$ cat my_file-v2.cif   # mmCIF, C-alpha atoms
data_model
#
loop_
_atom_site.label_atom_id
_atom_site.label_comp_id
_atom_site.auth_asym_id
_atom_site.auth_seq_id
_atom_site.Cartn_x
_atom_site.Cartn_y
_atom_site.Cartn_z
CA MET I 32 -5.80 45.43 -36.93
CA HIS I 33 -2.44 43.69 -36.51
CA GLU I 34 -4.26 40.38 -36.65
CA LEU I 35 -3.93 40.32 -40.44
CA ALA I 36 -0.13 40.37 -40.23
CA ILE I 37 -0.33 37.77 -37.48
CA THR I 38 -2.60 35.50 -39.48
CA GLU I 39 -0.35 35.71 -42.52
CA SER I 40 2.51 34.67 -40.33
CA VAL I 41 0.55 31.69 -38.98
CA LEU I 42 -0.26 30.57 -42.51
CA LYS I 43 3.32 30.90 -43.69
CA ILE I 44 4.74 28.89 -40.79
CA ALA I 45 2.04 26.22 -41.10
CA VAL I 46 2.55 25.75 -44.84
CA GLU I 47 6.34 25.63 -44.48
CA HIS I 48 6.10 22.88 -41.89
CA ALA I 49 3.54 20.93 -43.89
CA ARG I 50 5.77 21.03 -46.96
CA ALA I 51 8.81 19.98 -45.00
CA ALA I 52 6.81 16.97 -43.80
CA GLY I 53 5.69 16.12 -47.33
CA ALA I 54 2.05 16.69 -46.51
CA SER I 55 -0.34 18.14 -49.03
CA ARG I 56 -3.16 19.33 -46.81
CA ILE I 57 -3.40 20.94 -43.40
CA THR I 58 -6.56 20.03 -41.50
CA ASP I 59 -5.97 21.67 -38.09
CA VAL I 60 -3.74 24.43 -36.77
CA HIS I 61 -3.05 24.50 -33.04
CA LEU I 62 -2.34 27.94 -31.61
CA VAL I 63 -1.37 28.79 -28.06
CA ILE I 64 -2.40 32.24 -26.91
CA GLY I 65 -1.62 33.57 -23.46
CA GLN I 66 -4.31 35.45 -21.59
CA LEU I 67 -2.11 38.53 -21.46
CA SER I 68 -1.22 38.59 -25.15
CA SER I 69 -3.12 41.11 -27.21
CA PHE I 70 -4.42 38.88 -29.97
CA ILE I 71 -8.07 38.41 -30.68
CA ASP I 72 -9.20 34.92 -31.70
CA ASP I 73 -12.18 36.14 -33.68
CA SER I 74 -10.11 38.48 -35.83
CA ILE I 75 -7.54 35.79 -36.54
CA GLN I 76 -10.35 33.43 -37.49
CA PHE I 77 -11.87 36.06 -39.76
CA TYR I 78 -8.66 36.72 -41.68
CA TRP I 79 -7.76 33.04 -41.72
CA GLU I 80 -10.80 32.07 -43.75
CA ILE I 81 -9.90 34.67 -46.37
CA ILE I 82 -6.17 34.17 -46.69
CA CYS I 83 -5.96 30.37 -46.54
CA GLU I 84 -8.00 30.02 -49.71
CA GLY I 85 -6.06 28.30 -52.46
CA THR I 86 -3.32 27.17 -50.08
CA PRO I 87 -2.72 23.72 -48.57
CA ALA I 88 -4.32 25.12 -45.43
CA GLU I 89 -7.63 25.91 -47.09
CA GLY I 90 -10.43 24.77 -44.82
CA ALA I 91 -8.09 24.05 -41.92
CA ILE I 92 -9.59 24.56 -38.50
CA LEU I 93 -7.87 26.94 -36.11
CA ARG I 94 -7.76 25.51 -32.61
CA PHE I 95 -6.93 28.03 -29.92
CA ARG I 96 -5.54 27.01 -26.58
CA ARG I 97 -5.72 29.85 -24.08
CA VAL I 98 -3.04 29.87 -21.41
CA PRO I 99 -4.27 31.54 -18.21
CA ALA I 100 -2.05 34.22 -16.74
CA GLU I 101 0.14 33.02 -13.88
CA LEU I 102 1.55 35.77 -11.72
CA HIS I 103 4.04 35.74 -8.89
CA CYS I 104 4.31 38.40 -6.20
CA LEU I 105 7.92 39.26 -5.41
CA ALA I 106 6.95 40.70 -2.03
CA CYS I 107 4.92 37.86 -0.46
CA GLU I 108 5.70 35.05 -2.91
CA ALA I 109 2.00 34.46 -3.67
CA HIS I 110 1.08 32.74 -6.92
CA TYR I 111 -2.15 33.96 -8.45
CA GLY I 112 -4.16 34.28 -11.61
CA LEU I 113 -5.70 37.28 -13.28
CA ASN I 114 -8.45 38.81 -11.25
CA GLY I 115 -10.17 41.49 -13.24
CA ASP I 116 -7.75 43.86 -14.92
CA ASP I 117 -5.54 44.64 -11.98
CA LEU I 118 -2.34 42.64 -12.00
CA ALA I 119 -1.39 43.62 -8.43
CA CYS I 120 -1.08 40.88 -5.81
CA PRO I 121 -4.49 40.03 -4.28
CA GLU I 122 -2.81 38.86 -1.05
CA CYS I 123 -0.65 41.82 -0.11
CA GLY I 124 -1.41 44.43 -2.76
CA GLY I 125 2.20 44.19 -3.94
CA THR I 126 3.04 45.74 -7.27
CA GLN I 127 6.40 44.06 -7.79
CA ILE I 128 5.31 41.05 -9.76
CA ARG I 129 6.65 38.58 -12.24
CA VAL I 130 4.62 37.10 -15.07
CA LEU I 131 5.23 33.35 -15.18
CA ALA I 132 2.75 32.51 -17.92
CA GLY I 133 0.15 34.15 -20.08
CA GLU I 134 2.22 35.96 -22.71
CA GLU I 135 2.54 32.99 -25.09
CA PHE I 136 1.77 33.39 -28.72
CA ASN I 137 2.90 30.26 -30.49
CA LEU I 138 2.03 27.88 -33.24
CA GLU I 139 2.20 24.59 -31.40
CA ALA I 140 1.39 21.98 -34.01
CA ILE I 141 -0.42 21.28 -37.25
CA ASP I 142 -2.43 18.25 -38.27
CA VAL I 143 -1.78 17.24 -41.85
CA GLU I 144 -2.89 14.72 -44.40
CA GLY I 145 -0.61 13.32 -47.03
CA ASP I 146 -2.24 11.94 -50.14
CA GLU I 147 -1.12 10.76 -53.56
CA GLU I 148 -0.69 14.24 -54.97
CA PRO I 149 2.88 15.38 -55.17
CA VAL I 150 3.69 18.03 -52.59
CA ALA I 151 5.17 20.35 -55.19
CA ALA I 152 1.73 20.74 -56.75
CA SER I 153 0.38 22.65 -53.77
CA THR I 154 -0.10 26.34 -54.13
CA GLY I 155 2.19 28.79 -52.42
CA ALA I 156 1.14 30.93 -49.49
CA ASP I 157 3.81 33.56 -49.82
CA GLY I 158 3.10 37.21 -50.26
CA MET L 146 -4.47 9.64 -42.94
CA SER L 147 -3.95 12.40 -40.45
CA GLN L 148 -0.69 13.13 -38.76
CA ARG L 149 0.30 15.71 -36.17
CA ILE L 150 3.45 17.73 -36.78
CA PRO L 151 4.88 19.59 -33.80
CA VAL L 152 5.89 23.12 -34.77
CA VAL L 153 6.43 25.06 -31.55
CA GLU L 154 7.38 28.29 -33.20
CA LYS L 155 6.69 31.84 -32.13
CA ILE L 156 4.18 33.17 -34.57
CA LEU L 157 6.21 36.30 -35.14
CA SER L 158 9.50 34.41 -35.46
CA ALA L 159 10.11 35.67 -39.01
CA ASN L 160 9.77 39.26 -37.85
CA ASP L 161 11.91 38.56 -34.77
CA GLN L 162 14.64 37.01 -36.90
CA LEU L 163 14.73 39.97 -39.25
CA ALA L 164 14.78 42.31 -36.26
CA GLU L 165 17.89 40.51 -35.02
CA ASP L 166 19.57 40.99 -38.40
CA ILE L 167 18.69 44.69 -38.29
CA ARG L 168 20.18 44.98 -34.81
CA LYS L 169 23.43 43.44 -36.07
CA ARG L 170 23.49 45.82 -38.99
CA LEU L 171 22.99 48.83 -36.72
CA ASP L 172 25.67 47.56 -34.35
CA ALA L 173 28.11 47.09 -37.23
CA ALA L 174 27.44 50.67 -38.34
CA GLY L 175 27.88 51.99 -34.81
CA VAL L 176 24.34 53.33 -34.71
CA PHE L 177 22.33 53.25 -31.48
CA SER L 178 18.60 53.19 -31.99
CA TYR L 179 15.31 53.96 -30.25
CA ASN L 180 11.78 52.81 -31.06
CA LEU L 181 9.38 55.55 -29.97
CA MET L 182 5.82 54.41 -29.39
CA ALA L 183 2.75 56.29 -28.18
CA SER L 184 -0.87 56.95 -28.90
CA PRO L 185 -1.64 59.58 -31.57
CA GLY L 186 -1.10 63.07 -30.21
CA ALA L 187 1.09 62.11 -27.24
CA GLY L 188 3.94 64.18 -28.63
CA LYS L 189 6.22 61.77 -30.48
CA THR L 190 7.09 64.22 -33.21
CA SER L 191 7.43 67.14 -30.80
CA LEU L 192 9.79 65.12 -28.63
CA ILE L 193 11.81 64.17 -31.69
CA GLU L 194 12.06 67.83 -32.73
CA ARG L 195 13.20 68.76 -29.24
CA THR L 196 15.69 65.90 -29.23
CA ILE L 197 17.16 66.86 -32.59
CA ALA L 198 17.56 70.47 -31.46
CA GLY L 199 18.90 69.49 -28.04
CA LEU L 200 21.55 67.14 -29.39
CA ALA L 201 22.57 69.28 -32.39
CA GLY L 202 26.33 69.47 -32.70
CA ARG L 203 26.71 66.58 -30.29
CA ASN L 204 25.18 63.54 -32.00
CA ARG L 205 24.18 63.03 -35.60
CA LEU L 206 20.53 62.00 -35.61
CA ALA L 207 18.40 60.22 -38.15
CA VAL L 208 14.67 59.63 -37.91
CA ILE L 209 12.51 56.95 -39.47
CA ASP L 210 8.89 58.03 -39.36
CA GLY L 211 6.06 55.57 -39.56
CA ASP L 212 2.60 56.79 -40.41
CA VAL L 213 -0.43 55.40 -42.11
CA ALA L 214 -0.25 58.33 -44.55
CA THR L 215 1.50 61.67 -45.24
CA SER L 216 5.11 62.76 -44.76
CA ILE L 217 4.28 65.50 -42.25
CA ASP L 218 6.36 63.94 -39.48
CA ALA L 219 9.44 63.27 -41.58
CA ASP L 220 9.21 66.81 -42.94
CA ARG L 221 9.18 68.14 -39.39
CA ALA L 222 12.18 66.02 -38.41
CA ARG L 223 14.06 67.15 -41.51
CA ALA L 224 13.21 70.77 -40.82
CA ALA L 225 14.59 70.31 -37.31
CA GLY L 226 17.89 69.21 -38.82
CA ALA L 227 17.93 65.41 -38.96
CA LEU L 228 18.17 62.93 -41.78
CA ALA L 229 14.64 61.62 -42.10
CA VAL L 230 12.86 58.84 -43.94
CA GLN L 231 9.10 58.45 -44.07
CA ILE L 232 7.42 55.06 -44.15
CA ASN L 233 3.76 55.05 -45.10
CA THR L 234 2.29 51.83 -43.89
CA GLY L 235 -0.77 52.13 -46.12
CA GLY L 236 -3.19 51.21 -43.37
CA GLU L 237 -1.07 48.98 -41.17
CA CYS L 238 -1.26 50.06 -37.57
CA HIS L 239 2.39 49.43 -36.71
CA LEU L 240 5.86 49.24 -38.18
CA ASP L 241 7.41 45.83 -38.58
CA ALA L 242 10.94 44.66 -39.20
CA PHE L 243 10.39 44.40 -42.95
CA MET L 244 9.38 48.07 -43.22
CA MET L 245 12.28 48.99 -40.98
CA LYS L 246 14.71 47.14 -43.23
CA SER L 247 13.53 48.96 -46.37
CA ALA L 248 13.74 52.30 -44.62
CA LEU L 249 17.28 51.57 -43.43
CA GLU L 250 18.36 50.88 -47.00
CA THR L 251 17.65 54.49 -47.89
CA LEU L 252 19.76 55.89 -45.03
CA ASN L 253 23.50 56.35 -45.13
CA LEU L 254 24.32 54.95 -41.70
CA ASP L 255 27.88 56.31 -41.89
CA LEU L 256 26.36 59.73 -41.25
CA VAL L 257 24.37 58.63 -38.21
CA ASP L 258 25.13 58.18 -34.50
CA LEU L 259 21.62 57.88 -33.14
CA LEU L 260 18.54 56.63 -34.91
CA ILE L 261 15.03 57.36 -33.69
CA VAL L 262 12.15 55.38 -35.11
CA GLU L 263 8.78 57.03 -34.71
CA ASN L 264 6.28 54.21 -34.72
CA VAL L 265 2.66 54.53 -35.83
CA GLY L 266 0.51 56.18 -33.16
CA ASN L 267 -1.10 53.20 -31.45
CA LEU L 268 -0.84 51.65 -27.99
CA ILE L 269 -1.51 48.05 -28.96
CA CYS L 270 0.00 46.75 -32.16
CA PRO L 271 3.53 48.21 -32.17
CA ALA L 272 4.33 46.37 -28.93
CA SER L 273 4.22 43.01 -30.69
CA PHE L 274 6.55 43.76 -33.58
CA LYS L 275 10.25 44.05 -32.84
CA LEU L 276 12.16 46.36 -35.14
CA GLY L 277 15.70 45.54 -34.09
CA THR L 278 16.10 48.82 -32.23
CA HIS L 279 18.21 48.89 -29.06
CA ARG L 280 15.68 50.59 -26.80
CA SER L 281 11.91 50.83 -26.79
CA VAL L 282 10.46 54.03 -25.43
CA LEU L 283 6.85 54.80 -24.64
CA ILE L 284 5.55 58.34 -24.49
CA ALA L 285 2.50 58.79 -22.30
CA SER L 286 0.96 62.22 -22.08
CA VAL L 287 -0.97 63.70 -19.19
CA PRO L 288 -4.22 64.50 -21.07
CA GLU L 289 -4.57 60.85 -22.12
CA GLY L 290 -5.44 59.96 -18.55
CA ASP L 291 -3.83 58.08 -15.67
CA ASP L 292 -5.47 54.73 -16.44
CA LYS L 293 -3.47 53.90 -19.57
CA PRO L 294 -1.02 51.44 -17.95
CA TYR L 295 -4.01 49.44 -16.74
CA LYS L 296 -5.65 49.47 -20.15
CA TYR L 297 -2.61 48.80 -22.31
CA PRO L 298 -0.45 46.43 -20.25
CA GLY L 299 1.30 44.90 -23.26
CA MET L 300 2.74 48.23 -24.30
CA TYR L 301 3.90 49.21 -20.82
CA ARG L 302 5.47 45.82 -20.18
CA GLY L 303 7.66 45.86 -23.24
CA VAL L 304 9.45 49.20 -22.97
CA ASP L 305 12.83 50.27 -21.58
CA ALA L 306 11.93 53.85 -20.79
CA LEU L 307 8.83 55.94 -20.28
CA VAL L 308 8.39 59.61 -21.09
CA ILE L 309 5.49 61.37 -19.39
CA ASN L 310 4.88 64.34 -21.67
CA LYS L 311 2.80 67.51 -21.24
CA THR L 312 3.49 67.79 -17.51
CA ASP L 313 2.73 71.52 -17.87
CA LEU L 314 -0.93 70.48 -18.12
CA LEU L 315 -0.95 68.67 -14.74
CA PRO L 316 -2.63 71.59 -12.92
CA HIS L 317 -5.42 71.63 -15.50
CA VAL L 318 -6.40 67.97 -15.82
CA ASP L 319 -7.40 65.16 -13.45
CA PHE L 320 -4.31 63.04 -13.67
CA ASP L 321 -3.41 61.11 -10.54
CA MET L 322 0.34 60.62 -10.87
CA ALA L 323 0.49 58.11 -7.98
CA TYR L 324 -2.21 55.94 -9.56
CA PHE L 325 -0.50 56.15 -12.93
CA ARG L 326 2.89 55.24 -11.48
CA ARG L 327 1.41 52.33 -9.53
CA GLY L 328 0.08 50.92 -12.81
CA VAL L 329 3.49 51.30 -14.41
CA GLU L 330 5.26 49.76 -11.43
CA ILE L 331 3.16 46.58 -11.64
CA LEU L 332 3.96 46.10 -15.29
CA ASN L 333 7.49 47.32 -15.45
CA PRO L 334 9.21 47.76 -12.08
CA GLU L 335 11.96 50.36 -11.87
CA LEU L 336 11.25 51.59 -15.37
CA VAL L 337 13.38 54.59 -16.32
CA THR L 338 10.92 57.49 -16.42
CA PHE L 339 11.21 61.05 -17.74
CA PRO L 340 8.42 63.46 -16.80
CA LEU L 341 8.79 66.44 -19.12
CA SER L 342 7.05 69.04 -21.20
CA CYS L 343 8.00 69.46 -24.83
CA ARG L 344 6.18 72.78 -24.76
CA THR L 345 8.03 74.41 -21.86
CA GLY L 346 11.20 72.33 -22.06
CA GLU L 347 10.99 71.38 -18.41
CA GLY L 348 12.53 67.98 -17.73
CA LEU L 349 14.01 67.64 -21.21
CA GLU L 350 17.61 67.70 -20.04
CA ALA L 351 17.44 64.28 -18.33
CA TRP L 352 15.84 62.77 -21.42
CA LEU L 353 18.49 64.23 -23.71
CA GLU L 354 21.27 62.89 -21.49
CA TRP L 355 19.72 59.43 -21.56
CA VAL L 356 19.36 59.42 -25.35
CA ALA L 357 22.84 60.79 -25.92
CA ALA L 358 24.31 58.17 -23.58
CA GLY L 359 23.17 55.43 -25.99
CA PRO L 360 24.28 52.02 -24.69
CA ASP L 361 25.30 53.58 -21.37
CA GLY L 362 21.80 54.94 -20.85
CA GLY L 363 20.79 51.77 -19.07
CA GLN L 364 17.82 49.54 -19.35
CA ALA L 365 15.22 48.83 -16.77
CA ARG L 366 15.30 45.07 -17.00
CA ASP L 367 16.73 42.38 -19.18
CA ASP L 368 14.53 39.46 -18.23
CA ARG L 369 11.65 40.07 -20.55
CA GLU L 370 11.50 38.11 -23.73
#

$ encode --input "my_file-v2.cif" --output "structure tokens"
Amino acid sequence: MHELAITESVLKIAVEHARAAGASRITDVHLVIGQLSSFIDDSIQFYWEIICEGTPAEGAILRFRRVPAELHCLACEAHYGLNGDDLACPECGGTQIRVLAGEEFNLEAIDVEGDEEPVAASTGADG
Amino acid sequence: MSQRIPVVEKILSANDQLAEDIRKRLDAAGVFSYNLMASPGAGKTSLIERTIAGLAGRNRLAVIDGDVATSIDADRARAAGALAVQINTGGECHLDAFMMKSALETLNLDLVDLLIVENVGNLICPASFKLGTHRSVLIASVPEGDDKPYKYPGMYRGVDALVINKTDLLPHVDFDMAYFRRGVEILNPELVTFPLSCRTGEGLEAWLEWVAAGPDGGQARDDRE
């Protein structure tokens, strides 16, 4: 359910950066989502197609890059990935762990096209 | 012609920024604040009622209540003796910093020492949206089951304290406390934990002390961001 708020935020950031760069159209949006973050690609995609209509991002393709979880056991120093749902250390069963990667939720880059149209003519994405 | 523009921005940066402004505003007003999160029915409102009653005459409390609909919770907080503001999210499953800001505008912070925000009952979404509060608290309750830390890691990772409510029901339900605590330990080592029962009052004293201590109440860890 929170994916709508998330998607609106993605759109807002993307459009702001496109404008700042003087671009009139966004073709691709590159998102980085950690394996441990609680965001669902399909829901973001669903809302995206609805809310980007009439904005410079209309028709832009969302490209998701998943970052695998990287965990570190504080007891035996093992580095390991997610194995099922249990985050405990597979080597020693340790429960004192540190998450090194996998919680990312960032907008990494956008691909834009600039054409002859003045940037100011593009429609706003606010609200 | 296509061109790539690096952005590298946290997707919730606008919310995070506003949350920081809210924190500054609360600090300037000398208000210490708690974001209470839990699934529906875990006992958020009951704990708030108990907290208001327990700290009466000691700290001036205000409550911001987030719900999809109704003002039942704010009414209960008000009846218990606190200043209370209701936010109806109109379907949103969490509070965000923007809602928090509007609610704060209706509160006279000069009359408040401690502010408790009761988030929308939900174990997923509220974890992602910072409100600017000083401490995040999760209430788990015994009847929900001992597997919740394993199922909702995001929520358990992000909090500064954990209340385990309805401990009076432990003899009646299959709740393996060791299994539950192991799950918590993995996600949030050395998390401050308060097992208690809002119904019987057992264990409440330690919780009240922690809330009343405000900034001195301690925080499990500072390295999460």

$ residues_near_point --input "my_file-v2.cif" --point "(2.9, 37.5, -38.6)" --cutoff "9 Å" --atoms "only C-alpha atoms" --output "PDB file with C-alpha atoms, in the coordinates of the input"
ATOM      1  CA  HIS I  33      -2.440  43.690 -36.510  1.00  0.00           C
ATOM      2  CA  GLU I  34      -4.260  40.380 -36.650  1.00  0.00           C
ATOM      3  CA  LEU I  35      -3.930  40.320 -40.440  1.00  0.00           C
ATOM      4  CA  ALA I  36      -0.130  40.370 -40.230  1.00  0.00           C
ATOM      5  CA  ILE I  37      -0.330  37.770 -37.480  1.00  0.00           C
ATOM      6  CA  THR I  38      -2.600  35.500 -39.480  1.00  0.00           C
ATOM      7  CA  GLU I  39      -0.350  35.710 -42.520  1.00  0.00           C
ATOM      8  CA  SER I  40       2.510  34.670 -40.330  1.00  0.00           C
ATOM      9  CA  VAL I  41       0.550  31.690 -38.980  1.00  0.00           C
ATOM     10  CA  LEU I  42      -0.260  30.570 -42.510  1.00  0.00           C
ATOM     11  CA  LYS I  43       3.320  30.900 -43.690  1.00  0.00           C
TER      12      LYS I  43
ATOM     13  CA  ILE L 156       4.180  33.170 -34.570  1.00  0.00           C
ATOM     14  CA  LEU L 157       6.210  36.300 -35.140  1.00  0.00           C
ATOM     15  CA  SER L 158       9.500  34.410 -35.460  1.00  0.00           C
ATOM     16  CA  ALA L 159      10.110  35.670 -39.010  1.00  0.00           C
ATOM     17  CA  ASN L 160       9.770  39.260 -37.850  1.00  0.00           C
ATOM     18  CA  PHE L 274       6.550  43.760 -33.580  1.00  0.00           C
TER      19      PHE L 274
END

$ resolve_selection --input "my_file-v2.cif" --expression "the PyMOL selection byres ((chain I) within 10 of (chain L))" --output "count of residues only"
55

$ resolve_selection --input "my_file-v2.cif" --expression "the PyMOL selection byres ((chain L and resi 188) around 9)" --output "list of chain:residue names"
L:Ala183, L:Ser184, L:Pro185, L:Gly186, L:Ala187, L:Lys189, L:Thr190, L:Ser191, L:Leu192, L:Ile193, L:Ile284, L:Ala285, L:Ser286, L:Asn310, L:Lys311, L:Cys343

$ atom_distance --input "my_file-v2.cif" --atom1 "CA of Leu181 in chain L" --atom2 "CA of Arg280 in chain L"
8.6 Å

$ atom_distance --input "my_file-v2.cif" --atom1 "CA of Asn264 in chain L" --atom2 "CA of Leu163 in chain L"
17.2 Å

$ atom_distance --input "my_file-v2.cif" --atom1 "CA of Ile167 in chain L" --atom2 "CA of Ser247 in chain L"
10.5 Å
